[in-house]
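Text of protein_26.pdb (PDB, C-alpha atoms and all ligand atoms) as supplied:
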```
ATOM      1  CA  MET A   6      33.818-119.077 -28.350  1.00  0.00           C
ATOM      2  CA  CYS A   7      30.180-119.918 -27.792  1.00  0.00           C
ATOM      3  CA  ARG A   8      29.707-123.667 -27.871  1.00  0.00           C
ATOM      4  CA  MET A   9      25.962-123.496 -27.472  1.00  0.00           C
ATOM      5  CA  ILE A  10      23.082-122.222 -29.605  1.00  0.00           C
ATOM      6  CA  GLY A  11      20.750-120.597 -27.095  1.00  0.00           C
ATOM      7  CA  SER A  12      17.751-120.342 -29.401  1.00  0.00           C
ATOM      8  CA  ILE A  13      17.409-124.146 -29.677  1.00  0.00           C
ATOM      9  CA  ARG A  14      15.623-125.026 -26.479  1.00  0.00           C
ATOM     10  CA  THR A  15      14.126-128.475 -27.020  1.00  0.00           C
ATOM     11  CA  LEU A  16      15.251-131.798 -28.436  1.00  0.00           C
ATOM     12  CA  LYS A  17      12.437-131.681 -30.999  1.00  0.00           C
ATOM     13  CA  GLN A  18      13.561-128.255 -32.210  1.00  0.00           C
ATOM     14  CA  HIS A  19      17.166-129.506 -32.415  1.00  0.00           C
ATOM     15  CA  LEU A  20      16.268-132.523 -34.562  1.00  0.00           C
ATOM     16  CA  PHE A  21      14.083-130.355 -36.790  1.00  0.00           C
ATOM     17  CA  THR A  22      16.812-127.687 -37.234  1.00  0.00           C
ATOM     18  CA  LEU A  23      19.440-130.340 -38.034  1.00  0.00           C
ATOM     19  CA  LYS A  24      17.280-131.461 -40.962  1.00  0.00           C
ATOM     20  CA  SER A  25      15.874-128.165 -42.160  1.00  0.00           C
ATOM     21  CA  ASN A  26      18.721-125.724 -41.529  1.00  0.00           C
ATOM     22  CA  PRO A  27      21.954-127.482 -40.517  1.00  0.00           C
ATOM     23  CA  CYS A  28      23.945-124.301 -41.327  1.00  0.00           C
ATOM     24  CA  ALA A  29      22.471-122.724 -38.177  1.00  0.00           C
ATOM     25  CA  TYR A  30      25.082-124.691 -36.220  1.00  0.00           C
ATOM     26  CA  ARG A  31      28.117-123.689 -38.246  1.00  0.00           C
ATOM     27  CA  PRO A  32      30.396-121.384 -36.213  1.00  0.00           C
ATOM     28  CA  LYS A  33      31.375-118.173 -38.014  1.00  0.00           C
ATOM     29  CA  ARG A  34      35.013-118.629 -37.020  1.00  0.00           C
ATOM     30  CA  CYS A  35      37.327-121.410 -35.959  1.00  0.00           C
ATOM     31  CA  PRO A  36      37.655-121.363 -32.137  1.00  0.00           C
ATOM     32  CA  GLN A  37      41.328-122.319 -32.515  1.00  0.00           C
ATOM     33  CA  CYS A  38      42.750-120.009 -35.215  1.00  0.00           C
ATOM     34  CA  GLY A  39      39.893-117.560 -35.895  1.00  0.00           C
ATOM     35  CA  HIS A  40      39.553-118.249 -39.635  1.00  0.00           C
ATOM     36  CA  GLY A  41      36.104-118.465 -41.216  1.00  0.00           C
ATOM     37  CA  GLY A  42      34.847-120.999 -43.745  1.00  0.00           C
ATOM     38  CA  LEU A  43      34.508-124.109 -41.567  1.00  0.00           C
ATOM     39  CA  TRP A  44      33.351-127.322 -43.254  1.00  0.00           C
ATOM     40  CA  GLY A  45      30.740-129.735 -42.059  1.00  0.00           C
ATOM     41  CA  HIS A  46      32.470-132.800 -40.592  1.00  0.00           C
ATOM     42  CA  GLY A  47      29.725-135.282 -39.785  1.00  0.00           C
ATOM     43  CA  MET A  48      28.021-135.856 -36.454  1.00  0.00           C
ATOM     44  CA  TYR A  49      28.771-137.499 -33.163  1.00  0.00           C
ATOM     45  CA  GLN A  50      26.219-138.960 -30.776  1.00  0.00           C
ATOM     46  CA  ARG A  51      25.960-137.415 -27.346  1.00  0.00           C
ATOM     47  CA  LYS A  52      24.217-139.151 -24.500  1.00  0.00           C
ATOM     48  CA  GLY A  53      21.165-137.390 -23.131  1.00  0.00           C
ATOM     49  CA  ASP A  54      20.712-136.146 -19.589  1.00  0.00           C
ATOM     50  CA  ARG A  55      20.873-137.978 -16.306  1.00  0.00           C
ATOM     51  CA  SER A  56      17.679-136.615 -14.912  1.00  0.00           C
ATOM     52  CA  LEU A  57      14.316-138.175 -14.271  1.00  0.00           C
ATOM     53  CA  VAL A  58      12.430-135.195 -15.621  1.00  0.00           C
ATOM     54  CA  SER A  59      14.364-134.469 -18.816  1.00  0.00           C
ATOM     55  CA  GLU A  60      12.995-135.108 -22.298  1.00  0.00           C
ATOM     56  CA  ASN A  61      16.619-135.765 -23.312  1.00  0.00           C
ATOM     57  CA  ARG A  62      16.948-138.639 -20.876  1.00  0.00           C
ATOM     58  CA  SER A  63      18.531-141.891 -22.078  1.00  0.00           C
ATOM     59  CA  VAL A  64      18.581-140.976 -25.765  1.00  0.00           C
ATOM     60  CA  LEU A  65      21.487-140.506 -28.143  1.00  0.00           C
ATOM     61  CA  ILE A  66      21.459-137.040 -29.630  1.00  0.00           C
ATOM     62  CA  PRO A  67      23.264-136.208 -32.909  1.00  0.00           C
ATOM     63  CA  ILE A  68      25.626-133.225 -32.610  1.00  0.00           C
ATOM     64  CA  PRO A  69      27.096-131.613 -35.748  1.00  0.00           C
ATOM     65  CA  ARG A  70      30.862-131.330 -36.029  1.00  0.00           C
ATOM     66  CA  PHE A  71      32.946-128.908 -38.103  1.00  0.00           C
ATOM     67  CA  ARG A  72      36.503-128.887 -39.387  1.00  0.00           C
ATOM     68  CA  CYS A  73      38.691-125.854 -39.990  1.00  0.00           C
ATOM     69  CA  PRO A  74      40.480-126.049 -43.400  1.00  0.00           C
ATOM     70  CA  TYR A  75      43.308-123.803 -42.106  1.00  0.00           C
ATOM     71  CA  CYS A  76      44.414-125.433 -38.852  1.00  0.00           C
ATOM     72  CA  ASN A  77      42.611-128.754 -39.307  1.00  0.00           C
ATOM     73  CA  THR A  78      41.014-128.808 -35.834  1.00  0.00           C
ATOM     74  CA  THR A  79      37.430-129.907 -35.332  1.00  0.00           C
ATOM     75  CA  CYS A  80      34.772-128.323 -33.165  1.00  0.00           C
ATOM     76  CA  SER A  81      31.103-128.852 -32.451  1.00  0.00           C
ATOM     77  CA  ARG A  82      28.137-126.862 -31.240  1.00  0.00           C
ATOM     78  CA  LEU A  83      25.434-127.956 -28.869  1.00  0.00           C
ATOM     79  CA  PRO A  84      21.798-126.978 -28.954  1.00  0.00           C
ATOM     80  CA  GLY A  85      20.834-124.890 -25.907  1.00  0.00           C
ATOM     81  CA  CYS A  86      18.705-127.742 -24.546  1.00  0.00           C
ATOM     82  CA  LEU A  87      21.927-129.620 -23.701  1.00  0.00           C
ATOM     83  CA  SER A  88      24.346-128.337 -21.153  1.00  0.00           C
ATOM     84  CA  PRO A  89      28.020-128.295 -22.272  1.00  0.00           C
ATOM     85  CA  ARG A  90      30.121-130.859 -20.339  1.00  0.00           C
ATOM     86  CA  ARG A  91      27.271-131.647 -17.941  1.00  0.00           C
ATOM     87  CA  TRP A  92      24.928-134.600 -17.807  1.00  0.00           C
ATOM     88  CA  TYR A  93      22.064-132.755 -16.190  1.00  0.00           C
ATOM     89  CA  PRO A  94      19.583-130.361 -17.777  1.00  0.00           C
ATOM     90  CA  TRP A  95      19.790-126.660 -17.006  1.00  0.00           C
ATOM     91  CA  ASP A  96      16.604-126.781 -14.940  1.00  0.00           C
ATOM     92  CA  ALA A  97      17.985-129.427 -12.592  1.00  0.00           C
ATOM     93  CA  GLN A  98      21.209-127.417 -12.112  1.00  0.00           C
ATOM     94  CA  ALA A  99      19.173-124.256 -11.495  1.00  0.00           C
ATOM     95  CA  ILE A 100      16.995-125.897  -8.834  1.00  0.00           C
ATOM     96  CA  ALA A 101      20.036-127.350  -7.063  1.00  0.00           C
ATOM     97  CA  LEU A 102      21.899-124.025  -7.079  1.00  0.00           C
ATOM     98  CA  PHE A 103      18.850-122.114  -5.891  1.00  0.00           C
ATOM     99  CA  LEU A 104      18.325-124.499  -2.976  1.00  0.00           C
ATOM    100  CA  VAL A 105      22.021-124.432  -2.036  1.00  0.00           C
ATOM    101  CA  LEU A 106      21.991-120.631  -2.065  1.00  0.00           C
ATOM    102  CA  ARG A 107      18.926-120.632   0.175  1.00  0.00           C
ATOM    103  CA  GLY A 108      20.816-122.733   2.702  1.00  0.00           C
ATOM    104  CA  ASN A 109      19.001-126.056   2.237  1.00  0.00           C
ATOM    105  CA  GLN A 110      20.563-129.348   3.304  1.00  0.00           C
ATOM    106  CA  LEU A 111      22.463-131.239   0.612  1.00  0.00           C
ATOM    107  CA  ALA A 112      20.598-134.456   1.467  1.00  0.00           C
ATOM    108  CA  LEU A 113      17.273-132.842   0.562  1.00  0.00           C
ATOM    109  CA  ILE A 114      18.622-131.301  -2.654  1.00  0.00           C
ATOM    110  CA  ARG A 115      20.125-134.626  -3.768  1.00  0.00           C
ATOM    111  CA  LYS A 116      16.737-136.285  -3.456  1.00  0.00           C
ATOM    112  CA  LEU A 117      14.939-133.586  -5.413  1.00  0.00           C
ATOM    113  CA  VAL A 118      17.471-133.234  -8.216  1.00  0.00           C
ATOM    114  CA  VAL A 119      18.640-136.876  -8.354  1.00  0.00           C
ATOM    115  CA  ALA A 120      22.322-135.883  -8.512  1.00  0.00           C
ATOM    116  CA  SER A 121      25.165-136.842  -6.183  1.00  0.00           C
ATOM    117  CA  GLY A 122      26.405-134.529  -3.436  1.00  0.00           C
ATOM    118  CA  ASP A 123      29.762-134.206  -5.229  1.00  0.00           C
ATOM    119  CA  THR A 124      28.048-133.138  -8.437  1.00  0.00           C
ATOM    120  CA  ILE A 125      26.004-130.462  -6.661  1.00  0.00           C
ATOM    121  CA  ARG A 126      29.097-129.223  -4.806  1.00  0.00           C
ATOM    122  CA  ARG A 127      30.906-128.967  -8.160  1.00  0.00           C
ATOM    123  CA  TRP A 128      28.107-126.827  -9.629  1.00  0.00           C
ATOM    124  CA  ARG A 129      28.252-124.538  -6.604  1.00  0.00           C
ATOM    125  CA  ALA A 130      32.051-124.231  -6.824  1.00  0.00           C
ATOM    126  CA  TRP A 131      31.802-123.504 -10.557  1.00  0.00           C
ATOM    127  CA  LEU A 132      29.326-120.675  -9.934  1.00  0.00           C
ATOM    128  CA  ALA A 133      31.444-119.212  -7.120  1.00  0.00           C
ATOM    129  CA  GLU A 134      34.587-119.357  -9.253  1.00  0.00           C
ATOM    130  CA  ARG A 135      33.055-117.640 -12.280  1.00  0.00           C
ATOM    131  CA  THR A 136      30.679-115.311 -10.462  1.00  0.00           C
ATOM    132  CA  GLU A 137      32.604-112.098 -11.144  1.00  0.00           C
ATOM    133  CA  THR A 138      32.619-112.627 -14.914  1.00  0.00           C
ATOM    134  CA  PHE A 139      29.033-113.865 -15.069  1.00  0.00           C
ATOM    135  CA  GLU A 140      27.720-111.043 -12.843  1.00  0.00           C
ATOM    136  CA  PHE A 141      29.481-108.422 -14.939  1.00  0.00           C
ATOM    137  CA  HIS A 142      27.942-109.640 -18.211  1.00  0.00           C
ATOM    138  CA  LEU A 143      24.497-110.287 -16.773  1.00  0.00           C
ATOM    139  CA  ARG A 144      24.263-106.914 -15.026  1.00  0.00           C
ATOM    140  CA  SER A 145      25.116-105.156 -18.283  1.00  0.00           C
ATOM    141  CA  ALA A 146      22.509-107.177 -20.216  1.00  0.00           C
ATOM    142  CA  PHE A 147      19.681-107.034 -17.633  1.00  0.00           C
ATOM    143  CA  SER A 148      19.341-103.715 -15.827  1.00  0.00           C
ATOM    144  CA  HIS A 149      16.988-105.095 -13.124  1.00  0.00           C
ATOM    145  CA  LEU A 150      19.863-107.237 -11.795  1.00  0.00           C
ATOM    146  CA  GLY A 151      21.771-104.068 -10.898  1.00  0.00           C
ATOM    147  CA  ARG A 152      19.553-103.733  -7.830  1.00  0.00           C
ATOM    148  CA  TYR A 153      20.915-106.856  -6.175  1.00  0.00           C
ATOM    149  CA  GLY A 154      24.088-107.246  -4.145  1.00  0.00           C
ATOM    150  CA  GLN A 155      26.868-109.636  -5.102  1.00  0.00           C
ATOM    151  CA  GLY A 156      26.824-113.382  -4.664  1.00  0.00           C
ATOM    152  CA  GLU A 157      23.786-114.994  -3.096  1.00  0.00           C
ATOM    153  CA  ALA A 158      21.313-112.112  -3.613  1.00  0.00           C
ATOM    154  CA  PHE A 159      22.391-111.706  -7.215  1.00  0.00           C
ATOM    155  CA  TRP A 160      22.079-115.397  -8.088  1.00  0.00           C
ATOM    156  CA  THR A 161      18.782-115.870  -6.302  1.00  0.00           C
ATOM    157  CA  ALA A 162      17.374-112.990  -8.386  1.00  0.00           C
ATOM    158  CA  THR A 163      18.948-114.322 -11.586  1.00  0.00           C
ATOM    159  CA  LEU A 164      17.656-117.872 -11.093  1.00  0.00           C
ATOM    160  CA  THR A 165      14.119-116.738 -10.267  1.00  0.00           C
ATOM    161  CA  THR A 166      13.727-114.005 -12.897  1.00  0.00           C
ATOM    162  CA  LEU A 167      15.849-115.342 -15.783  1.00  0.00           C
ATOM    163  CA  GLY A 168      16.648-118.965 -15.102  1.00  0.00           C
ATOM    164  CA  LEU A 169      20.061-120.562 -15.543  1.00  0.00           C
ATOM    165  CA  PHE A 170      19.500-121.431 -19.189  1.00  0.00           C
ATOM    166  CA  ASP A 171      18.821-117.835 -20.295  1.00  0.00           C
ATOM    167  CA  ALA A 172      21.570-116.493 -18.068  1.00  0.00           C
ATOM    168  CA  MET A 173      24.154-118.871 -19.555  1.00  0.00           C
ATOM    169  CA  ALA A 174      22.898-118.388 -23.129  1.00  0.00           C
ATOM    170  CA  THR A 175      23.352-114.630 -22.603  1.00  0.00           C
ATOM    171  CA  VAL A 176      26.922-114.794 -21.296  1.00  0.00           C
ATOM    172  CA  CYS A 177      27.791-117.402 -23.917  1.00  0.00           C
ATOM    173  CA  HIS A 178      26.511-115.055 -26.616  1.00  0.00           C
ATOM    174  CA  GLN A 179      28.830-112.369 -25.232  1.00  0.00           C
ATOM    175  CA  GLY A 180      31.818-114.604 -25.813  1.00  0.00           C
ATOM    176  CA  VAL A 181      32.207-116.089 -22.311  1.00  0.00           C
ATOM    177  CA  SER A 182      32.951-119.810 -22.173  1.00  0.00           C
ATOM    178  CA  VAL A 183      30.208-121.891 -20.482  1.00  0.00           C
ATOM    179  CA  PRO A 184      30.353-123.693 -18.134  1.00  0.00           C
TER     180      PRO A 184
HETATM  181 ZN    ZN A 201      41.325-123.106 -37.456  1.00  0.00          ZN
END
```

How does the structure come out when it is put into structure tokens?
Ligand SMILES: [Zn+2]
Amino acid sequence: MCRMIGSIRTLKQHLFTLKSNPCAYRPKRCPQCGHGGLWGHGMYQRKGDRSLVSENRSVLIPIPRFRCPYCNTTCSRLPGCLSPRRWYPWDAQAIALFLVLRGNQLALIRKLVVASGDTIRRWRAWLAERTETFEFHLRSAFSHLGRYGQGEAFWTATLTTLGLFDAMATVCHQGVSVP
């Protein structure tokens, strides 16, 4: 189940879409039982990003929630400008991962990205753990990535030609859970 709407890339666009077309967020099916016909179920406020460069920094962002009339569970969908279960914007994660892959020292990366060493190590472990699934879906969606070997070469090419946001929006759209 895709928890993220990739086409909504900025906070401004998110706030505008919430007002003008809130149905854009409604999932077609319940992630729990698969039935359609979910109801709107209010909003919750999500904290913005922990990054010095993010437009989402230190603001509360309304996120629409939905309830399934069949199994009674609730779910929500995030705009693509927010990263599911992460407090850093996609760009900051992408820079950190790129620098790690290029063999840079963690101390330098921490300063640039303003994230802790543990956080950066977690992002790296997450990418390593899911790399087979992500590579499979990305290679089938973007033929130019077929030229690169597995692991480091693949991700360096992906981060520089696509960016982490577009890569994750693509795999999410194909039904892969992100992160
Ligand atoms: Zn349900």

Rounded to one decimal place, report the CA of Val64 in chain A-CA of Arg91 in chain A distance in Å.
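So the two atoms, CA of Val64 in chain A and CA of Arg91 in chain A, lie 15.0 Å apart.
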
How would you write, as a ChimeraX atom specification, the set of residues no farther than 12 Å from ligand ZN 201 (chain A) when counting only C-alpha atoms and all ligand atoms?
/A:32-44,71-80

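Note that CA of Trp128 in chain A and CA of Ala97 in chain A are 10.9 Å apart.
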
Within 12 Å of Leu167 in chain A, counting all atoms listed in the file, which residues show up once you throw out same-chain ones fewer than 2 positions away? Write them as a ChimeraX atom specification, please.
/A:96,99,143-144,146-147,149-150,159-165,169-175

Taking C-alpha atoms for each residue, export the selection above as a PDB file, in the coordinates of the input.
```pdb
ATOM      1  CA  ASP A  96      16.604-126.781 -14.940  1.00  0.00           C
ATOM      2  CA  ALA A  99      19.173-124.256 -11.495  1.00  0.00           C
ATOM      3  CA  LEU A 143      24.497-110.287 -16.773  1.00  0.00           C
ATOM      4  CA  ARG A 144      24.263-106.914 -15.026  1.00  0.00           C
ATOM      5  CA  ALA A 146      22.509-107.177 -20.216  1.00  0.00           C
ATOM      6  CA  PHE A 147      19.681-107.034 -17.633  1.00  0.00           C
ATOM      7  CA  HIS A 149      16.988-105.095 -13.124  1.00  0.00           C
ATOM      8  CA  LEU A 150      19.863-107.237 -11.795  1.00  0.00           C
ATOM      9  CA  PHE A 159      22.391-111.706  -7.215  1.00  0.00           C
ATOM     10  CA  TRP A 160      22.079-115.397  -8.088  1.00  0.00           C
ATOM     11  CA  THR A 161      18.782-115.870  -6.302  1.00  0.00           C
ATOM     12  CA  ALA A 162      17.374-112.990  -8.386  1.00  0.00           C
ATOM     13  CA  THR A 163      18.948-114.322 -11.586  1.00  0.00           C
ATOM     14  CA  LEU A 164      17.656-117.872 -11.093  1.00  0.00           C
ATOM     15  CA  THR A 165      14.119-116.738 -10.267  1.00  0.00           C
ATOM     16  CA  LEU A 169      20.061-120.562 -15.543  1.00  0.00           C
ATOM     17  CA  PHE A 170      19.500-121.431 -19.189  1.00  0.00           C
ATOM     18  CA  ASP A 171      18.821-117.835 -20.295  1.00  0.00           C
ATOM     19  CA  ALA A 172      21.570-116.493 -18.068  1.00  0.00           C
ATOM     20  CA  MET A 173      24.154-118.871 -19.555  1.00  0.00           C
ATOM     21  CA  ALA A 174      22.898-118.388 -23.129  1.00  0.00           C
ATOM     22  CA  THR A 175      23.352-114.630 -22.603  1.00  0.00           C
TER      23      THR A 175
END
```

Between A:Phe139, A:Tyr30, A:Tyr153, A:Trp95, which is the closest to Arg14 in chain A once you count all atoms listed in the file?
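Distance minimum relative to Arg14 in chain A lands on A:Trp95.
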
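Computed from the coordinates, the CA of Leu87 in chain A to CA of Glu140 in chain A distance equals 22.3 Å.
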
Which residue, A:Arg82, A:Arg62, A:Arg55, A:Arg90, has the smallest gap to Leu16 in chain A when you use only C-alpha atoms?
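Of A:Arg82, A:Arg62, A:Arg55, A:Arg90, the one nearest Leu16 in chain A, counting only C-alpha atoms, is A:Arg62.
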
Would you kindly identify which residues have an atom no farther than 10 Å from (18.0, -128.0, -10.4), using only C-alpha atoms and the file's own coordinates, and write them out as a list in words?
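Protein and nucleic acid residues near the point are Ser56, Tyr93, Pro94, Trp95, Asp96, Ala97, Gln98, Ala99, Ile100, Ala101, Leu102, Phe103, Leu104, Val105, Ile114, Arg115, Leu117, Val118, Val119, Ala120, Ile125 and Leu169 of chain A.
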
Residue neighbourhood Phe141 in chain A, 10 Å, all atoms listed in the file, exclusion window fewer than 4 positions, as a PyMOL selection string:
chain A and resi 136-137+145-146+151+176

Written as a list in words, which residues does the PyMOL selection byres (((chain A and resi 47-52) around 7) and not hetatm) give for the file shown?
Gly45, His46, Gly53, Asp54, Ser63, Val64, Leu65, Ile66, Pro67, Ile68, Pro69 and Arg70 of chain A

Evaluated on this file, the PyMOL selection byres (((chain A and resi 10) around 8) and not hetatm) picks out some residues - which ones are they, written as a short mmCIF file (atom, residue, chain, number, x, y, z; two decimals) with C-alpha atoms, in the frame of the given file?
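Output (part.cif):
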```cif
data_model
loop_
_atom_site.label_atom_id
_atom_site.label_comp_id
_atom_site.auth_asym_id
_atom_site.auth_seq_id
_atom_site.Cartn_x
_atom_site.Cartn_y
_atom_site.Cartn_z
CA CYS A 7 30.18 -119.92 -27.79
CA ARG A 8 29.71 -123.67 -27.87
CA MET A 9 25.96 -123.50 -27.47
CA GLY A 11 20.75 -120.60 -27.10
CA SER A 12 17.75 -120.34 -29.40
CA ILE A 13 17.41 -124.15 -29.68
CA TYR A 30 25.08 -124.69 -36.22
CA ARG A 82 28.14 -126.86 -31.24
CA LEU A 83 25.43 -127.96 -28.87
CA PRO A 84 21.80 -126.98 -28.95
CA GLY A 85 20.83 -124.89 -25.91
CA ALA A 174 22.90 -118.39 -23.13
#
```

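Of the residues listed (A:Cys28, A:Leu20, A:Leu111, A:Val181), A:Leu111 shows the shortest atom-to-atom separation from Thr124 in chain A; distances use only C-alpha atoms.
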
Under the rule that only C-alpha atoms are counted, which of A:Gly168, A:Leu113, A:Leu106, A:Pro89 is the nearest residue to Val183 in chain A?
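Smallest distance to Val183 in chain A is found for A:Pro89.
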
Padding 4 Å on each side, edges along x, y and z: where is the centre of the box around the listed atoms of range 133-147 of chain A, and how long are its edges in Å to one decimal? Output it as lines of an AutoDock Vina configuration file.
```
center_x = 27.1
center_y = -112.3
center_z = -13.7
size_x = 22.9
size_y = 22.2
size_z = 21.1
```

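Minimum atom-to-atom distance to Ala130 in chain A, evaluated using only C-alpha atoms, belongs to A:Pro184 out of A:Ala158, A:Pro184, A:Arg107, A:Arg152.
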
Of the listed residues A:Gln179, A:Asn26, A:Asn109, A:Thr15, that which approaches Cys86 in chain A most closely, counting all atoms listed in the file:
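Ranking A:Gln179, A:Asn26, A:Asn109, A:Thr15 by distance to Cys86 in chain A, first place goes to A:Thr15.
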